[in-house]
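Participant: Sending over a structure as C-alpha cells; questions will come in a sec.
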Amino acid sequence: SLDEGTADIFAVMRYTILYGGIREFQVRLPENVKVVSADGEGAFRWDVEKDILRGEPAFPIRNNYEISLRLRREVAKDKASFDVPWPRALGVEREMGHLAVEVTGKLQLEEEEVHETVSVDVRQLPDEIVSNAVSPIIRAYRYHTPEARVRLRILRLPEKEPESAS
C-alpha cells in the first residue's frame with residue numbers, strides 16, 4: 001500500500017511442511033523496513049537481527065503454518081522510482097505467490113522493470129487479497145521464484161482546488 005511518503009507492506013507467508021516438525025521460521029526483510037507486527041499461531045515469538053526476522057512458535061509445527069507480517073518503509077518524496085519491497089522466506093524449497101500494489105494517495109504508478117514476475121489482471125488475485133485492500137489495486141503480479149522483483153516509477157499527481165461553483 002503506497003502513500004505519499006510511506007510503503008506499508010502486508011504479507012502472509014504460508015508454509016507447507018512436508019517432513020518433521022519445524023521450530024524456527026526465518027524471513028529476509030527488505031532494506032530499511034520497520035516491523036510493525038508479526039503474528040503466527042502457537043505463542044509466536046520473534047526478533048530481528050540485521051535484516052532477518054526469526055520467528056519461533058512454542059511447539060514444533062507440522063503440516064501447515066502461516067505468518068502474518070506488517071512492515072513499514074519510508075519512501076523519499078523526491079525519489080521517482082523504487083523496488084517494491086517484499087519479504088522472502090528463507091530455508092524453503094519453493095517460493096511462489098501474488099503481489100498486489102494499492103495506492104492510497106495521489107500517485108500514479110508505471111512499471112520500470114519486472115523480473116521473473118508476470119503481470120496479471122486484478123480479478124486473478126486470490127479473494128483474500130482483493131477483499132482486504134483498502135484502496136483500489138493498481139498493479140497485480142504472480143511470481144514463482146525468489147528472484148522475482150518489480151521496480152515502479154512514482155508520478156506524484158498535482159492537487160487542484162475545485163472551482164467554487166463545483
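Naming scheme: A, B, ... for chains in displayed order of the C-alpha cells; residues 1 onward per chain; ligands 1 onward as shown.
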Within 10 Å of segment 13-24 of chain A, which residues of segment 92-131 of chain A come that close, and what is the closest atom pair and distance in Å for each? Count only C-alpha atoms and give it as CSV.

Facilitator:
residue,atom,partner,partner_atom,distance
A:Val92,CA,A:Tyr15,CA,8.5
A:Arg94,CA,A:Tyr15,CA,9.9
A:Glu95,CA,A:Tyr15,CA,9.5
A:Met96,CA,A:Met13,CA,9.9
A:Gly97,CA,A:Met13,CA,9.0

Participant: Please produce, as JSON lines, a per-residue contact table for segment 11-92 of chain A versus segment 137-148 of chain A (criterion: any atom at most 10 Å away, only C-alpha atoms considered), showing the nearest atom pair and its distance in Å to one decimal, sorted by chain then residue number.

Facilitator:
{"residue": "A:Trp86", "atom": "CA", "partner": "A:Ala148", "partner_atom": "CA", "distance": 9.9}
{"residue": "A:Pro87", "atom": "CA", "partner": "A:Pro146", "partner_atom": "CA", "distance": 9.9}
{"residue": "A:Arg88", "atom": "CA", "partner": "A:Pro146", "partner_atom": "CA", "distance": 7.0}
{"residue": "A:Ala89", "atom": "CA", "partner": "A:Pro146", "partner_atom": "CA", "distance": 8.5}
{"residue": "A:Leu90", "atom": "CA", "partner": "A:Pro146", "partner_atom": "CA", "distance": 9.5}
{"residue": "A:Val92", "atom": "CA", "partner": "A:Pro146", "partner_atom": "CA", "distance": 9.9}

Participant: So that I can check the surroundings of segment 2-4 of chain A, please list as a ChimeraX atom specification every protein, DNA and RNA residue that reaches within 10 Å of it, counting only C-alpha atoms and ignoring chain neighbours fewer than 2 positions away.

Facilitator: /A:6-9,73-77,84,101-107,109,135,154,156

Participant: Could you turn the residues from that selection into a file that holds N, CA, C and O atoms, as an mmCIF file, in the first residue's frame?

Facilitator:
data_model
loop_
_atom_site.group_PDB
_atom_site.id
_atom_site.type_symbol
_atom_site.label_atom_id
_atom_site.label_comp_id
_atom_site.auth_asym_id
_atom_site.auth_seq_id
_atom_site.Cartn_x
_atom_site.Cartn_y
_atom_site.Cartn_z
ATOM 1 N N THR A 6 5.118 6.818 2.498
ATOM 2 C CA THR A 6 5.375 5.511 3.090
ATOM 3 C C THR A 6 4.886 4.373 2.199
ATOM 4 O O THR A 6 3.998 4.550 1.378
ATOM 5 N N ALA A 7 5.495 3.241 2.408
ATOM 6 C CA ALA A 7 5.033 1.996 1.800
ATOM 7 C C ALA A 7 4.708 1.057 2.952
ATOM 8 O O ALA A 7 5.585 0.726 3.758
ATOM 9 N N ASP A 8 3.446 0.680 3.082
ATOM 10 C CA ASP A 8 3.030 -0.301 4.083
ATOM 11 C C ASP A 8 2.960 -1.649 3.394
ATOM 12 O O ASP A 8 2.300 -1.788 2.360
ATOM 13 N N ILE A 9 3.634 -2.630 3.968
ATOM 14 C CA ILE A 9 3.695 -3.967 3.377
ATOM 15 C C ILE A 9 2.931 -4.910 4.293
ATOM 16 O O ILE A 9 3.248 -5.028 5.485
ATOM 17 N N ARG A 73 7.927 1.150 5.457
ATOM 18 C CA ARG A 73 9.161 1.733 4.939
ATOM 19 C C ARG A 73 8.871 3.143 4.444
ATOM 20 O O ARG A 73 7.883 3.365 3.760
ATOM 21 N N GLU A 74 9.742 4.052 4.795
ATOM 22 C CA GLU A 74 9.604 5.426 4.321
ATOM 23 C C GLU A 74 10.046 5.482 2.857
ATOM 24 O O GLU A 74 11.014 4.846 2.474
ATOM 25 N N VAL A 75 9.307 6.237 2.066
ATOM 26 C CA VAL A 75 9.652 6.440 0.659
ATOM 27 C C VAL A 75 9.958 7.919 0.498
ATOM 28 O O VAL A 75 9.106 8.763 0.787
ATOM 29 N N ALA A 76 11.177 8.217 0.052
ATOM 30 C CA ALA A 76 11.574 9.615 -0.100
ATOM 31 C C ALA A 76 10.669 10.307 -1.115
ATOM 32 O O ALA A 76 10.386 9.768 -2.181
ATOM 33 N N LYS A 77 10.214 11.492 -0.754
ATOM 34 C CA LYS A 77 9.293 12.215 -1.627
ATOM 35 C C LYS A 77 9.955 12.665 -2.920
ATOM 36 O O LYS A 77 9.295 12.864 -3.921
ATOM 37 N N VAL A 84 9.823 -2.553 -5.320
ATOM 38 C CA VAL A 84 8.735 -2.898 -4.408
ATOM 39 C C VAL A 84 9.325 -3.811 -3.333
ATOM 40 O O VAL A 84 9.900 -4.853 -3.641
ATOM 41 N N VAL A 101 -0.419 -4.151 -5.576
ATOM 42 C CA VAL A 101 0.011 -2.807 -5.198
ATOM 43 C C VAL A 101 -1.206 -1.891 -5.221
ATOM 44 O O VAL A 101 -1.870 -1.766 -6.251
ATOM 45 N N GLU A 102 -1.491 -1.289 -4.082
ATOM 46 C CA GLU A 102 -2.589 -0.331 -3.994
ATOM 47 C C GLU A 102 -2.018 1.036 -3.635
ATOM 48 O O GLU A 102 -0.963 1.130 -3.025
ATOM 49 N N VAL A 103 -2.723 2.080 -4.046
ATOM 50 C CA VAL A 103 -2.268 3.444 -3.792
ATOM 51 C C VAL A 103 -3.350 4.174 -3.018
ATOM 52 O O VAL A 103 -4.496 4.226 -3.460
ATOM 53 N N THR A 104 -2.979 4.721 -1.864
ATOM 54 C CA THR A 104 -3.948 5.452 -1.061
ATOM 55 C C THR A 104 -3.823 6.961 -1.259
ATOM 56 O O THR A 104 -4.694 7.699 -0.842
ATOM 57 N N GLY A 105 -2.760 7.416 -1.872
ATOM 58 C CA GLY A 105 -2.545 8.852 -2.060
ATOM 59 C C GLY A 105 -2.759 9.268 -3.503
ATOM 60 O O GLY A 105 -3.376 8.564 -4.302
ATOM 61 N N LYS A 106 -2.216 10.424 -3.828
ATOM 62 C CA LYS A 106 -2.341 10.987 -5.175
ATOM 63 C C LYS A 106 -1.116 10.605 -5.989
ATOM 64 O O LYS A 106 -0.266 11.442 -6.300
ATOM 65 N N LEU A 107 -0.998 9.335 -6.308
ATOM 66 C CA LEU A 107 0.160 8.826 -7.040
ATOM 67 C C LEU A 107 -0.286 8.058 -8.271
ATOM 68 O O LEU A 107 -1.345 7.440 -8.276
ATOM 69 N N LEU A 109 1.363 5.086 -10.887
ATOM 70 C CA LEU A 109 2.457 4.126 -10.968
ATOM 71 C C LEU A 109 2.683 3.673 -12.397
ATOM 72 O O LEU A 109 1.733 3.463 -13.148
ATOM 73 N N SER A 135 -7.669 0.455 -0.681
ATOM 74 C CA SER A 135 -7.865 1.286 -1.871
ATOM 75 C C SER A 135 -7.850 0.386 -3.096
ATOM 76 O O SER A 135 -7.479 -0.789 -3.000
ATOM 77 N N ILE A 154 7.138 6.271 -9.633
ATOM 78 C CA ILE A 154 6.056 7.007 -8.984
ATOM 79 C C ILE A 154 5.944 8.381 -9.642
ATOM 80 O O ILE A 154 6.932 9.106 -9.751
ATOM 81 N N ARG A 156 3.937 11.765 -8.936
ATOM 82 C CA ARG A 156 3.077 12.457 -7.984
ATOM 83 C C ARG A 156 2.134 13.371 -8.747
ATOM 84 O O ARG A 156 2.558 14.209 -9.530
#

Participant: Contacts of Glu111 of chain A at 9 Å or less, counting only C-alpha atoms, minus same-chain residues fewer than 3 places along, as a compact mmCIF listing (two decimals) with C-alpha atoms, in the first residue's frame?

Facilitator:
# COMPACT_ATOMS: atom_id res chain seq x y z
CA VAL A 114 9.77 -6.52 -13.99
CA ARG A 139 -0.95 -3.38 -10.19
CA VAL A 150 9.34 -5.28 -9.51
CA ARG A 151 10.59 -1.72 -9.91
CA LEU A 152 7.96 1.01 -10.15
CA ARG A 153 8.13 4.66 -11.12

Participant: Expressed in Å to a single decimal, how great is the separation between atom CA of Glu112 of chain A and atom CA of Pro30 of chain A?

Facilitator: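 Here the two named atoms are 18.8 Å from each other.
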
Participant: Please, which residues of segment 42-149 of chain A, numbered as in this document, come out alpha helix (DSSP H) from DSSP, as a PyMOL selection string?

Facilitator: chain A and resi 127-132

Participant: Out of A:Leu71, A:Val48, A:Val130, A:Ala58, which residue has the shortest atom-to-atom distance to Val35 of chain A when counting only C-alpha atoms?

Facilitator: A:Leu71

Participant: From the options A:Arg70, A:Gln108, A:Trp46, A:Glu116, which residue's atoms come nearest to Pro158 of chain A, counting only C-alpha atoms?

Facilitator: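 Of A:Arg70, A:Gln108, A:Trp46, A:Glu116, the one nearest Pro158 of chain A, counting only C-alpha atoms, is A:Gln108.
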
Participant: Tell me, which residues of chain A carry DSSP strand (DSSP E), written as an mmCIF file with N, CA and C atoms, in the first residue's frame?

Facilitator:
data_model
loop_
_atom_site.group_PDB
_atom_site.id
_atom_site.type_symbol
_atom_site.label_atom_id
_atom_site.label_comp_id
_atom_site.auth_asym_id
_atom_site.auth_seq_id
_atom_site.Cartn_x
_atom_site.Cartn_y
_atom_site.Cartn_z
ATOM 1 N N THR A 6 5.118 6.818 2.498
ATOM 2 C CA THR A 6 5.375 5.511 3.090
ATOM 3 C C THR A 6 4.886 4.373 2.199
ATOM 4 N N ALA A 7 5.495 3.241 2.408
ATOM 5 C CA ALA A 7 5.033 1.996 1.800
ATOM 6 C C ALA A 7 4.708 1.057 2.952
ATOM 7 N N ASP A 8 3.446 0.680 3.082
ATOM 8 C CA ASP A 8 3.030 -0.301 4.083
ATOM 9 C C ASP A 8 2.960 -1.649 3.394
ATOM 10 N N ILE A 9 3.634 -2.630 3.968
ATOM 11 C CA ILE A 9 3.695 -3.967 3.377
ATOM 12 C C ILE A 9 2.931 -4.910 4.293
ATOM 13 N N PHE A 10 1.918 -5.553 3.737
ATOM 14 C CA PHE A 10 1.152 -6.567 4.452
ATOM 15 C C PHE A 10 1.454 -7.885 3.756
ATOM 16 N N ALA A 11 2.045 -8.815 4.474
ATOM 17 C CA ALA A 11 2.441 -10.079 3.869
ATOM 18 C C ALA A 11 1.920 -11.249 4.690
ATOM 19 N N VAL A 12 1.443 -12.256 3.996
ATOM 20 C CA VAL A 12 1.058 -13.503 4.633
ATOM 21 C C VAL A 12 1.924 -14.585 3.997
ATOM 22 N N MET A 13 2.679 -15.283 4.828
ATOM 23 C CA MET A 13 3.564 -16.344 4.340
ATOM 24 C C MET A 13 2.987 -17.667 4.811
ATOM 25 N N ARG A 14 2.633 -18.507 3.839
ATOM 26 C CA ARG A 14 2.066 -19.818 4.151
ATOM 27 C C ARG A 14 3.099 -20.895 3.858
ATOM 28 N N TYR A 15 3.379 -21.685 4.857
ATOM 29 C CA TYR A 15 4.354 -22.760 4.752
ATOM 30 C C TYR A 15 3.620 -24.086 4.678
ATOM 31 N N THR A 16 4.103 -24.959 3.799
ATOM 32 C CA THR A 16 3.667 -26.351 3.766
ATOM 33 C C THR A 16 4.863 -27.172 4.218
ATOM 34 N N ILE A 17 4.737 -27.840 5.344
ATOM 35 C CA ILE A 17 5.840 -28.573 5.949
ATOM 36 C C ILE A 17 5.650 -30.046 5.637
ATOM 37 N N LEU A 18 6.597 -30.605 4.884
ATOM 38 C CA LEU A 18 6.453 -31.978 4.408
ATOM 39 C C LEU A 18 6.961 -33.022 5.386
ATOM 40 N N TYR A 19 8.054 -32.728 6.085
ATOM 41 C CA TYR A 19 8.661 -33.730 6.964
ATOM 42 C C TYR A 19 8.952 -33.125 8.326
ATOM 43 N N GLY A 20 8.687 -33.875 9.375
ATOM 44 C CA GLY A 20 9.060 -33.482 10.723
ATOM 45 C C GLY A 20 8.373 -32.224 11.206
ATOM 46 N N GLY A 21 8.832 -31.724 12.311
ATOM 47 C CA GLY A 21 8.298 -30.500 12.891
ATOM 48 C C GLY A 21 9.313 -29.381 12.785
ATOM 49 N N ILE A 22 8.857 -28.183 12.547
ATOM 50 C CA ILE A 22 9.730 -27.020 12.406
ATOM 51 C C ILE A 22 9.545 -26.116 13.619
ATOM 52 N N PHE A 25 11.268 -20.185 11.972
ATOM 53 C CA PHE A 25 10.980 -19.666 10.638
ATOM 54 C C PHE A 25 11.796 -18.397 10.459
ATOM 55 N N GLN A 26 12.476 -18.297 9.313
ATOM 56 C CA GLN A 26 13.300 -17.123 9.044
ATOM 57 C C GLN A 26 12.784 -16.410 7.806
ATOM 58 N N VAL A 27 12.737 -15.090 7.901
ATOM 59 C CA VAL A 27 12.259 -14.259 6.803
ATOM 60 C C VAL A 27 13.262 -13.144 6.576
ATOM 61 N N ARG A 28 13.735 -13.020 5.325
ATOM 62 C CA ARG A 28 14.619 -11.903 4.982
ATOM 63 C C ARG A 28 13.739 -10.688 4.728
ATOM 64 N N LYS A 34 10.637 -1.246 8.926
ATOM 65 C CA LYS A 34 10.376 -1.386 10.360
ATOM 66 C C LYS A 34 9.282 -2.430 10.499
ATOM 67 N N VAL A 35 9.474 -3.401 11.383
ATOM 68 C CA VAL A 35 8.459 -4.416 11.620
ATOM 69 C C VAL A 35 7.418 -3.830 12.572
ATOM 70 N N VAL A 36 6.202 -3.666 12.069
ATOM 71 C CA VAL A 36 5.106 -3.149 12.886
ATOM 72 C C VAL A 36 4.506 -4.295 13.693
ATOM 73 N N SER A 37 4.306 -5.448 13.037
ATOM 74 C CA SER A 37 3.801 -6.616 13.749
ATOM 75 C C SER A 37 4.171 -7.886 12.998
ATOM 76 N N ALA A 38 4.253 -8.976 13.738
ATOM 77 C CA ALA A 38 4.486 -10.307 13.181
ATOM 78 C C ALA A 38 3.684 -11.283 14.035
ATOM 79 N N ASP A 39 2.806 -12.036 13.398
ATOM 80 C CA ASP A 39 1.922 -12.939 14.131
ATOM 81 C C ASP A 39 1.947 -14.331 13.520
ATOM 82 N N GLY A 40 1.787 -15.312 14.376
ATOM 83 C CA GLY A 40 1.674 -16.702 13.968
ATOM 84 C C GLY A 40 1.018 -17.474 15.102
ATOM 85 N N ARG A 45 6.849 -16.082 18.953
ATOM 86 C CA ARG A 45 7.789 -15.064 19.411
ATOM 87 C C ARG A 45 8.727 -14.750 18.256
ATOM 88 N N TRP A 46 9.127 -13.500 18.150
ATOM 89 C CA TRP A 46 10.013 -13.131 17.056
ATOM 90 C C TRP A 46 10.986 -12.043 17.488
ATOM 91 N N ASP A 47 12.098 -11.974 16.766
ATOM 92 C CA ASP A 47 13.038 -10.880 16.923
ATOM 93 C C ASP A 47 13.728 -10.654 15.572
ATOM 94 N N VAL A 48 14.374 -9.517 15.459
ATOM 95 C CA VAL A 48 15.027 -9.143 14.203
ATOM 96 C C VAL A 48 16.506 -8.935 14.465
ATOM 97 N N GLU A 49 17.340 -9.607 13.671
ATOM 98 C CA GLU A 49 18.789 -9.397 13.683
ATOM 99 C C GLU A 49 19.180 -8.949 12.290
ATOM 100 N N ILE A 52 17.083 -10.058 9.132
ATOM 101 C CA ILE A 52 16.446 -11.374 9.246
ATOM 102 C C ILE A 52 15.480 -11.377 10.436
ATOM 103 N N LEU A 53 14.222 -11.689 10.148
ATOM 104 C CA LEU A 53 13.243 -11.888 11.218
ATOM 105 C C LEU A 53 13.253 -13.378 11.544
ATOM 106 N N ARG A 54 13.477 -13.696 12.814
ATOM 107 C CA ARG A 54 13.451 -15.074 13.282
ATOM 108 C C ARG A 54 12.221 -15.248 14.155
ATOM 109 N N GLY A 55 11.340 -16.136 13.729
ATOM 110 C CA GLY A 55 10.124 -16.397 14.480
ATOM 111 C C GLY A 55 10.123 -17.818 15.003
ATOM 112 N N GLU A 56 9.578 -17.971 16.205
ATOM 113 C CA GLU A 56 9.589 -19.284 16.840
ATOM 114 C C GLU A 56 8.276 -19.518 17.580
ATOM 115 N N ILE A 61 6.005 -27.218 14.638
ATOM 116 C CA ILE A 61 4.866 -27.111 13.728
ATOM 117 C C ILE A 61 4.969 -28.178 12.648
ATOM 118 N N ARG A 62 3.849 -28.826 12.386
ATOM 119 C CA ARG A 62 3.761 -29.838 11.326
ATOM 120 C C ARG A 62 2.698 -29.410 10.326
ATOM 121 N N ASN A 63 2.779 -29.938 9.128
ATOM 122 C CA ASN A 63 1.807 -29.740 8.049
ATOM 123 C C ASN A 63 1.795 -28.309 7.507
ATOM 124 N N ASN A 64 0.990 -27.411 8.056
ATOM 125 C CA ASN A 64 0.843 -26.052 7.522
ATOM 126 C C ASN A 64 1.029 -25.021 8.617
ATOM 127 N N TYR A 65 1.583 -23.868 8.210
ATOM 128 C CA TYR A 65 1.767 -22.774 9.155
ATOM 129 C C TYR A 65 1.675 -21.455 8.395
ATOM 130 N N GLU A 66 1.222 -20.422 9.090
ATOM 131 C CA GLU A 66 1.036 -19.124 8.451
ATOM 132 C C GLU A 66 1.584 -18.025 9.354
ATOM 133 N N ILE A 67 2.363 -17.138 8.751
ATOM 134 C CA ILE A 67 2.897 -15.973 9.453
ATOM 135 C C ILE A 67 2.361 -14.725 8.756
ATOM 136 N N SER A 68 1.822 -13.804 9.539
ATOM 137 C CA SER A 68 1.340 -12.529 9.004
ATOM 138 C C SER A 68 2.302 -11.431 9.431
ATOM 139 N N LEU A 69 2.743 -10.635 8.465
ATOM 140 C CA LEU A 69 3.680 -9.553 8.738
ATOM 141 C C LEU A 69 3.080 -8.216 8.323
ATOM 142 N N ARG A 70 3.371 -7.211 9.104
ATOM 143 C CA ARG A 70 3.048 -5.839 8.711
ATOM 144 C C ARG A 70 4.328 -5.044 8.860
ATOM 145 N N LEU A 71 4.786 -4.492 7.748
ATOM 146 C CA LEU A 71 6.039 -3.756 7.704
ATOM 147 C C LEU A 71 5.779 -2.343 7.200
ATOM 148 N N ARG A 72 6.682 -1.431 7.507
ATOM 149 C CA ARG A 72 6.557 -0.057 7.029
ATOM 150 C C ARG A 72 7.932 0.448 6.584
ATOM 151 N N ARG A 73 7.927 1.150 5.457
ATOM 152 C CA ARG A 73 9.161 1.733 4.939
ATOM 153 C C ARG A 73 8.871 3.143 4.444
ATOM 154 N N GLU A 74 9.742 4.052 4.795
ATOM 155 C CA GLU A 74 9.604 5.426 4.321
ATOM 156 C C GLU A 74 10.046 5.482 2.857
ATOM 157 N N SER A 81 11.550 6.478 -8.438
ATOM 158 C CA SER A 81 11.317 5.051 -8.638
ATOM 159 C C SER A 81 11.911 4.257 -7.483
ATOM 160 N N PHE A 82 11.376 3.054 -7.289
ATOM 161 C CA PHE A 82 11.861 2.215 -6.200
ATOM 162 C C PHE A 82 11.495 0.765 -6.476
ATOM 163 N N ASP A 83 12.258 -0.137 -5.856
ATOM 164 C CA ASP A 83 11.953 -1.564 -5.906
ATOM 165 C C ASP A 83 10.849 -1.827 -4.895
ATOM 166 N N ARG A 88 11.066 -12.242 2.069
ATOM 167 C CA ARG A 88 11.366 -13.535 1.448
ATOM 168 C C ARG A 88 11.556 -14.606 2.512
ATOM 169 N N ALA A 89 10.921 -15.740 2.315
ATOM 170 C CA ALA A 89 11.076 -16.873 3.232
ATOM 171 C C ALA A 89 12.442 -17.513 2.986
ATOM 172 N N LEU A 90 13.157 -17.772 4.049
ATOM 173 C CA LEU A 90 14.471 -18.416 3.945
ATOM 174 C C LEU A 90 14.355 -19.887 4.320
ATOM 175 N N GLY A 97 3.860 -16.836 -5.189
ATOM 176 C CA GLY A 97 2.805 -16.044 -4.582
ATOM 177 C C GLY A 97 2.297 -14.952 -5.483
ATOM 178 N N HIS A 98 1.593 -14.019 -4.871
ATOM 179 C CA HIS A 98 0.998 -12.894 -5.571
ATOM 180 C C HIS A 98 1.453 -11.601 -4.908
ATOM 181 N N LEU A 99 1.522 -10.569 -5.704
ATOM 182 C CA LEU A 99 1.861 -9.240 -5.222
ATOM 183 C C LEU A 99 0.803 -8.286 -5.750
ATOM 184 N N ALA A 100 0.207 -7.523 -4.865
ATOM 185 C CA ALA A 100 -0.785 -6.521 -5.262
ATOM 186 C C ALA A 100 -0.312 -5.176 -4.739
ATOM 187 N N VAL A 101 -0.419 -4.151 -5.576
ATOM 188 C CA VAL A 101 0.011 -2.807 -5.198
ATOM 189 C C VAL A 101 -1.206 -1.891 -5.221
ATOM 190 N N GLU A 102 -1.491 -1.289 -4.082
ATOM 191 C CA GLU A 102 -2.589 -0.331 -3.994
ATOM 192 C C GLU A 102 -2.018 1.036 -3.635
ATOM 193 N N LEU A 107 -0.998 9.335 -6.308
ATOM 194 C CA LEU A 107 0.160 8.826 -7.040
ATOM 195 C C LEU A 107 -0.286 8.058 -8.271
ATOM 196 N N GLN A 108 0.562 8.084 -9.275
ATOM 197 C CA GLN A 108 0.361 7.255 -10.460
ATOM 198 C C GLN A 108 1.578 6.352 -10.560
ATOM 199 N N LEU A 109 1.363 5.086 -10.887
ATOM 200 C CA LEU A 109 2.457 4.126 -10.968
ATOM 201 C C LEU A 109 2.683 3.673 -12.397
ATOM 202 N N GLU A 110 3.952 3.492 -12.739
ATOM 203 C CA GLU A 110 4.323 2.908 -14.021
ATOM 204 C C GLU A 110 5.377 1.846 -13.758
ATOM 205 N N GLU A 111 5.311 0.755 -14.497
ATOM 206 C CA GLU A 111 6.326 -0.288 -14.364
ATOM 207 C C GLU A 111 7.619 0.195 -14.994
ATOM 208 N N GLU A 112 8.696 0.048 -14.245
ATOM 209 C CA GLU A 112 10.001 0.408 -14.776
ATOM 210 C C GLU A 112 10.791 -0.851 -15.132
ATOM 211 N N GLU A 113 10.691 -1.858 -14.259
ATOM 212 C CA GLU A 113 11.380 -3.124 -14.506
ATOM 213 C C GLU A 113 10.608 -4.242 -13.824
ATOM 214 N N VAL A 114 10.434 -5.341 -14.538
ATOM 215 C CA VAL A 114 9.772 -6.522 -13.988
ATOM 216 C C VAL A 114 10.683 -7.708 -14.279
ATOM 217 N N HIS A 115 11.072 -8.433 -13.222
ATOM 218 C CA HIS A 115 11.986 -9.559 -13.386
ATOM 219 C C HIS A 115 11.387 -10.797 -12.726
ATOM 220 N N THR A 117 8.587 -12.086 -12.926
ATOM 221 C CA THR A 117 7.259 -11.781 -12.413
ATOM 222 C C THR A 117 6.317 -11.594 -13.590
ATOM 223 N N VAL A 118 5.086 -12.057 -13.456
ATOM 224 C CA VAL A 118 4.103 -11.950 -14.522
ATOM 225 C C VAL A 118 2.992 -11.006 -14.073
ATOM 226 N N SER A 119 2.692 -10.006 -14.896
ATOM 227 C CA SER A 119 1.555 -9.129 -14.606
ATOM 228 C C SER A 119 0.272 -9.910 -14.821
ATOM 229 N N ILE A 137 -6.678 -1.687 -6.169
ATOM 230 C CA ILE A 137 -5.400 -2.296 -6.525
ATOM 231 C C ILE A 137 -5.034 -1.814 -7.921
ATOM 232 N N ILE A 138 -3.863 -1.201 -8.028
ATOM 233 C CA ILE A 138 -3.409 -0.600 -9.282
ATOM 234 C C ILE A 138 -2.615 -1.596 -10.122
ATOM 235 N N ARG A 139 -1.789 -2.400 -9.488
ATOM 236 C CA ARG A 139 -0.954 -3.384 -10.186
ATOM 237 C C ARG A 139 -1.080 -4.729 -9.481
ATOM 238 N N ALA A 140 -1.033 -5.806 -10.270
ATOM 239 C CA ALA A 140 -1.106 -7.159 -9.708
ATOM 240 C C ALA A 140 -0.107 -8.043 -10.434
ATOM 241 N N TYR A 141 0.544 -8.912 -9.682
ATOM 242 C CA TYR A 141 1.588 -9.785 -10.230
ATOM 243 C C TYR A 141 1.497 -11.170 -9.602
ATOM 244 N N ARG A 142 2.091 -12.139 -10.315
ATOM 245 C CA ARG A 142 2.243 -13.503 -9.817
ATOM 246 C C ARG A 142 3.714 -13.860 -10.011
ATOM 247 N N TYR A 143 4.289 -14.571 -9.046
ATOM 248 C CA TYR A 143 5.692 -14.973 -9.172
ATOM 249 C C TYR A 143 5.873 -16.403 -8.688
ATOM 250 N N ARG A 149 11.265 -9.652 -8.792
ATOM 251 C CA ARG A 149 11.288 -8.285 -8.290
ATOM 252 C C ARG A 149 10.557 -7.369 -9.267
ATOM 253 N N VAL A 150 10.077 -6.262 -8.728
ATOM 254 C CA VAL A 150 9.337 -5.278 -9.506
ATOM 255 C C VAL A 150 9.862 -3.904 -9.126
ATOM 256 N N ARG A 151 10.162 -3.113 -10.125
ATOM 257 C CA ARG A 151 10.594 -1.721 -9.911
ATOM 258 C C ARG A 151 9.537 -0.821 -10.527
ATOM 259 N N LEU A 152 9.024 0.104 -9.707
ATOM 260 C CA LEU A 152 7.962 1.011 -10.148
ATOM 261 C C LEU A 152 8.440 2.452 -10.144
ATOM 262 N N ARG A 153 7.897 3.215 -11.071
ATOM 263 C CA ARG A 153 8.129 4.659 -11.118
ATOM 264 C C ARG A 153 6.896 5.339 -10.525
ATOM 265 N N ILE A 154 7.138 6.271 -9.633
ATOM 266 C CA ILE A 154 6.056 7.007 -8.984
ATOM 267 C C ILE A 154 5.944 8.381 -9.642
ATOM 268 N N LEU A 155 4.756 8.707 -10.054
ATOM 269 C CA LEU A 155 4.473 10.049 -10.557
ATOM 270 C C LEU A 155 3.498 10.697 -9.573
ATOM 271 N N ARG A 156 3.937 11.765 -8.936
ATOM 272 C CA ARG A 156 3.077 12.457 -7.984
ATOM 273 C C ARG A 156 2.134 13.371 -8.747
#
